[in-house]
Amino acid sequence: MSNIQLIENIVKNSPLYSIFNRPEVDDILRNATLTPTRWRGIPSDRSLSIKCDDIKDPADLIRLFGLNSKSFPTKYEEATDGDGQEARRIRTLHSSSLISLLCFYDVSALKPLHLTVDGRNVSFTTPCFEVKNPVGVDEDGQAHNSNIDVVLLGNDVQSGKPVVLFLESKFSEYLNWGKYSKISKRVYENIYSRLSDSGCLEQMGLKIEDNPEEEGYSVLASIKGRTLHYAGGIKQMVSHFLGVQNVANEYRNSGYDVYLGEILYSFPDSIDNSHDKFDDYCRLYGTLAKGLNGLAANFKVVEQCFTYQDVFREYDLDHAVKTFYSL
């Protein structure tokens, strides 16, 4: 079966794959073998991955997408951290780690990325991937870290002030609504109590409550009824907030202004009708960011989500990457 036929079959169960159901994408993947992504050992009928014999070698991605062979291998190693499982996951077509790696890997002094961050024009020249920040230790003595997709280092164009932006990447995750059930009370109880006391959770239409099925854990869910929000994304940004809070002073001591943000892929109406899920998550994110900024002392949360479409509209992306994601 051809790649385009495989994609067409996946579209029947996962409409988001319609963005890959184009002749231009088929041309990019003409020398790739696509295979159903394995989930819990079973081939998925909703996801495809690029088959690779040596997953630690990024040569296949360099060849398919026409990437910079000098800069990509180092960034690929960062993004997969030598982890074979992550190297497999990053070859999933709709991976949020893949889009962040392909779009940000070649940012450099020769190809700076200009972003407006908190009203400032910042020229970013160094990307780092899958950066681990310590969050806390749970009931079982297990350390929790927040793994953020990309960290960008650069300078304010006007003042020259160094700036670091911790950036979480989301591709299609926010399309999946639902509560988030496994939140360690020992690690997160204090931050959620403060967000609850400030009215932030209520403004989002969310509540934090004990998990009746697992002692020591909490659930983030809608105040009433089904959770028609992407609660998992909110939980993850709270985790990143704690992680960045724990490392921000290291950057500030080196002269950096520190920011935390999130970048989303905006899907067409055929996938996200009237951008309902995109708009809902952006609204929740904005409310959360304001609430977290009321608690932060050594850094700031950017209060609006970035989008891949806006960030890379004018940037000199590799042609195949721009085409693959319709950017």
# chains A, B, ... in the order shown; residues from 1 in each chain; ligands from 1
$ select_by_dssp --residues "segment 28-277 of chain A" --states "helix (DSSP H, G or I)" --output "ChimeraX atom specification"
/A:28,59-65,72-80,84-89,96-104,173-175,185-197,200-204,231-252,273-277
$ residues_around --residues "Gly286 of chain A" --least-positions-apart "4" --cutoff "12 Å" --atoms "only C-alpha atoms" --output "PyMOL selection string"
chain A and resi 200-201+203-204+234+237+261-262+279-282+290-293+301-306
$ residues_around --residues "Asn253 of chain A" --least-positions-apart "5" --cutoff "12 Å" --atoms "only C-alpha atoms" --output "CSV table (one decimal) with all heavy atoms, in the first residue's frame"
chain,number,residue,atom,x,y,z
A,162,PRO,N,20.0,40.0,27.6
A,162,PRO,CA,19.8,38.5,27.3
A,162,PRO,C,18.4,38.1,27.7
A,162,PRO,O,17.9,38.5,28.8
A,162,PRO,CB,20.9,37.8,28.1
A,162,PRO,CG,21.9,38.9,28.4
A,162,PRO,CD,21.1,40.2,28.5
A,247,VAL,N,14.7,27.1,38.4
A,247,VAL,CA,15.9,27.4,37.7
A,247,VAL,C,16.1,28.8,37.3
A,247,VAL,O,17.2,29.2,36.8
A,247,VAL,CB,16.1,26.4,36.5
A,247,VAL,CG1,16.1,25.0,36.9
A,247,VAL,CG2,15.1,26.7,35.4
A,248,ALA,N,15.0,29.6,37.4
A,248,ALA,CA,15.1,31.0,36.9
A,248,ALA,C,16.2,31.8,37.5
A,248,ALA,O,16.8,32.6,36.7
A,248,ALA,CB,13.7,31.7,37.1
A,258,VAL,N,13.7,36.0,32.1
A,258,VAL,CA,13.2,34.7,31.9
A,258,VAL,C,11.7,34.7,31.6
A,258,VAL,O,10.9,35.3,32.4
A,258,VAL,CB,13.5,33.8,33.2
A,258,VAL,CG1,13.1,32.4,33.0
A,258,VAL,CG2,15.0,33.9,33.6
A,298,ASN,N,10.3,35.7,39.9
A,298,ASN,CA,11.6,35.7,39.3
A,298,ASN,C,11.6,35.5,37.8
A,298,ASN,O,12.6,35.4,37.1
A,298,ASN,CB,12.6,34.8,39.9
A,298,ASN,CG,12.1,33.4,40.0
A,298,ASN,OD1,11.0,33.1,39.6
A,298,ASN,ND2,13.0,32.5,40.5
$ select_by_dssp --residues "segment 60-224 of chain A" --states "strand (DSSP E or B)" --output "ChimeraX atom specification"
/A:92,113-117,120-137,143-156,162-170,178,180-184,206-210,217-222
$ closest_residue --among "A:Thr126, A:Ser2, A:Ser47, A:Gln236" --to "Arg89 of chain A" --atoms "only C-alpha atoms"
A:Ser47
$ closest_residue --among "A:Ser193, A:Thr323, A:Ser181, A:Asn249" --to "Pro23 of chain A" --atoms "only C-alpha atoms"
A:Thr323
$ residues_around --residues "Gly141 of chain A" --least-positions-apart "3" --cutoff "12 Å" --atoms "only C-alpha atoms" --output "PyMOL selection string"
chain A and resi 136-138+144+184+186-187
$ residues_around --residues "segment 207-219 of chain A" --least-positions-apart "4" --cutoff "8 Å" --atoms "only C-alpha atoms" --output "list in words"
Glu139, Lys179, Tyr180, Ser181, Lys182, Ile183, Ser184, Lys185, Arg186, Tyr192, Ser196, Leu201, Glu202 and Ile223 of chain A
$ write_last_selection --atoms "all heavy atoms" --output "short mmCIF file (atom, residue, chain, number, x, y, z; two decimals), in the first residue's frame"
data_model
loop_
_atom_site.label_atom_id
_atom_site.label_comp_id
_atom_site.auth_asym_id
_atom_site.auth_seq_id
_atom_site.Cartn_x
_atom_site.Cartn_y
_atom_site.Cartn_z
N GLU A 139 5.18 11.25 46.84
CA GLU A 139 4.98 10.44 48.03
C GLU A 139 5.90 9.23 48.08
O GLU A 139 6.24 8.73 49.15
CB GLU A 139 3.51 9.97 48.09
CG GLU A 139 2.49 11.08 48.28
CD GLU A 139 2.15 11.82 46.99
OE1 GLU A 139 2.82 11.57 45.95
OE2 GLU A 139 1.25 12.66 47.02
N LYS A 179 -10.50 15.37 31.58
CA LYS A 179 -9.87 15.67 32.87
C LYS A 179 -8.46 15.07 32.92
O LYS A 179 -8.10 14.23 32.09
CB LYS A 179 -10.72 15.13 34.01
CG LYS A 179 -10.87 13.62 34.01
CD LYS A 179 -11.84 13.18 35.10
CE LYS A 179 -12.02 11.64 35.08
NZ LYS A 179 -12.97 11.20 36.12
N TYR A 180 -7.68 15.51 33.93
CA TYR A 180 -6.35 14.95 34.13
C TYR A 180 -6.32 14.38 35.55
O TYR A 180 -6.60 15.10 36.52
CB TYR A 180 -5.26 16.01 33.96
CG TYR A 180 -3.88 15.40 33.93
CD1 TYR A 180 -3.32 14.98 32.73
CD2 TYR A 180 -3.16 15.22 35.11
CE1 TYR A 180 -2.05 14.39 32.71
CE2 TYR A 180 -1.91 14.64 35.09
CZ TYR A 180 -1.35 14.23 33.88
OH TYR A 180 -0.11 13.65 33.86
N SER A 181 -5.98 13.09 35.67
CA SER A 181 -6.27 12.36 36.91
C SER A 181 -5.09 12.10 37.84
O SER A 181 -5.29 11.81 39.00
CB SER A 181 -6.92 11.01 36.59
OG SER A 181 -8.11 11.20 35.86
N LYS A 182 -3.86 12.16 37.37
CA LYS A 182 -2.75 11.69 38.22
C LYS A 182 -1.84 12.86 38.61
O LYS A 182 -0.74 13.02 38.08
CB LYS A 182 -1.97 10.59 37.50
CG LYS A 182 -1.09 9.77 38.42
CD LYS A 182 -0.49 8.58 37.69
CE LYS A 182 0.47 7.79 38.57
NZ LYS A 182 -0.16 7.18 39.74
N ILE A 183 -2.30 13.68 39.54
CA ILE A 183 -1.53 14.83 40.00
C ILE A 183 -1.08 14.59 41.44
O ILE A 183 -1.91 14.47 42.35
CB ILE A 183 -2.38 16.12 39.91
CG1 ILE A 183 -2.85 16.36 38.48
CG2 ILE A 183 -1.60 17.32 40.44
CD1 ILE A 183 -3.83 17.50 38.33
N SER A 184 0.22 14.47 41.65
CA SER A 184 0.77 14.19 42.98
C SER A 184 0.43 15.34 43.94
O SER A 184 0.79 16.49 43.72
CB SER A 184 2.29 14.03 42.89
OG SER A 184 2.86 14.07 44.19
N LYS A 185 -0.25 14.99 45.04
CA LYS A 185 -0.62 16.02 46.01
C LYS A 185 0.62 16.59 46.70
O LYS A 185 0.70 17.79 46.95
CB LYS A 185 -1.59 15.43 47.05
CG LYS A 185 -2.95 15.05 46.47
CD LYS A 185 -3.89 14.51 47.51
CE LYS A 185 -4.41 15.59 48.42
NZ LYS A 185 -5.48 15.08 49.31
N ARG A 186 1.59 15.73 46.98
CA ARG A 186 2.80 16.21 47.66
C ARG A 186 3.54 17.25 46.81
O ARG A 186 4.04 18.25 47.31
CB ARG A 186 3.74 15.05 47.98
CG ARG A 186 5.01 15.47 48.72
CD ARG A 186 5.93 14.29 48.94
NE ARG A 186 5.35 13.33 49.85
CZ ARG A 186 5.49 13.35 51.18
NH1 ARG A 186 6.19 14.34 51.73
NH2 ARG A 186 4.94 12.43 51.93
N TYR A 192 -1.73 24.40 43.43
CA TYR A 192 -3.14 24.37 43.06
C TYR A 192 -4.01 25.04 44.12
O TYR A 192 -5.03 25.66 43.80
CB TYR A 192 -3.60 22.93 42.82
CG TYR A 192 -3.23 22.42 41.44
CD1 TYR A 192 -2.21 21.49 41.28
CD2 TYR A 192 -3.88 22.88 40.31
CE1 TYR A 192 -1.84 21.04 40.01
CE2 TYR A 192 -3.54 22.44 39.04
CZ TYR A 192 -2.51 21.51 38.90
OH TYR A 192 -2.16 21.08 37.66
N SER A 196 -6.41 28.08 43.31
CA SER A 196 -7.82 27.99 43.71
C SER A 196 -8.21 29.18 44.57
O SER A 196 -9.26 29.82 44.34
CB SER A 196 -8.05 26.68 44.48
OG SER A 196 -9.41 26.55 44.83
N LEU A 201 -8.62 29.03 39.11
CA LEU A 201 -9.22 27.77 38.64
C LEU A 201 -10.70 27.98 38.32
O LEU A 201 -11.21 27.49 37.30
CB LEU A 201 -9.07 26.67 39.69
CG LEU A 201 -7.66 26.11 39.91
CD1 LEU A 201 -7.70 24.96 40.91
CD2 LEU A 201 -7.04 25.64 38.60
N GLU A 202 -11.39 28.71 39.17
CA GLU A 202 -12.82 28.95 38.94
C GLU A 202 -13.05 29.73 37.65
O GLU A 202 -13.99 29.45 36.89
CB GLU A 202 -13.43 29.71 40.13
CG GLU A 202 -14.94 29.90 40.02
CD GLU A 202 -15.52 30.59 41.24
OE1 GLU A 202 -14.74 30.99 42.14
OE2 GLU A 202 -16.75 30.72 41.29
N ILE A 223 -15.68 22.13 36.79
CA ILE A 223 -16.42 22.35 38.03
C ILE A 223 -17.70 21.52 38.03
O ILE A 223 -18.10 20.95 39.05
CB ILE A 223 -16.74 23.84 38.21
CG1 ILE A 223 -15.43 24.60 38.49
CG2 ILE A 223 -17.74 24.07 39.33
CD1 ILE A 223 -15.57 26.11 38.53
#
$ closest_residue --among "A:Leu242, A:Ile19, A:Leu317, A:Val131" --to "Phe166 of chain A" --atoms "only C-alpha atoms"
A:Val131
$ atom_distance --atom1 "atom CA of Ala87 of chain A" --atom2 "atom CA of Glu24 of chain A"
25.0 Å
$ atom_distance --atom1 "atom CA of Cys103 of chain A" --atom2 "atom CA of Ile148 of chain A"
15.4 Å
$ closest_residue --among "A:Glu173, A:Leu153, A:Leu264, A:Thr227" --to "Tyr251 of chain A" --atoms "only C-alpha atoms"
A:Leu153
$ closest_residue --among "A:Leu16, A:Val107, A:Cys52, A:Val11" --to "Asp272 of chain A" --atoms "only C-alpha atoms"
A:Leu16
$ residues_around --residues "Leu228 of chain A" --least-positions-apart "3" --cutoff "10 Å" --atoms "only C-alpha atoms" --output "JSON, numbers by chain"
{"A": [176, 177, 178, 179, 205, 221, 222, 225, 231, 277, 280]}
$ closest_residue --among "A:Lys322, A:His240, A:Lys170, A:Lys300" --to "Lys132 of chain A" --atoms "only C-alpha atoms"
A:His240
$ residues_around --residues "Glu77 of chain A" --least-positions-apart "4" --cutoff "10 Å" --atoms "only C-alpha atoms" --output "count of residues only"
11
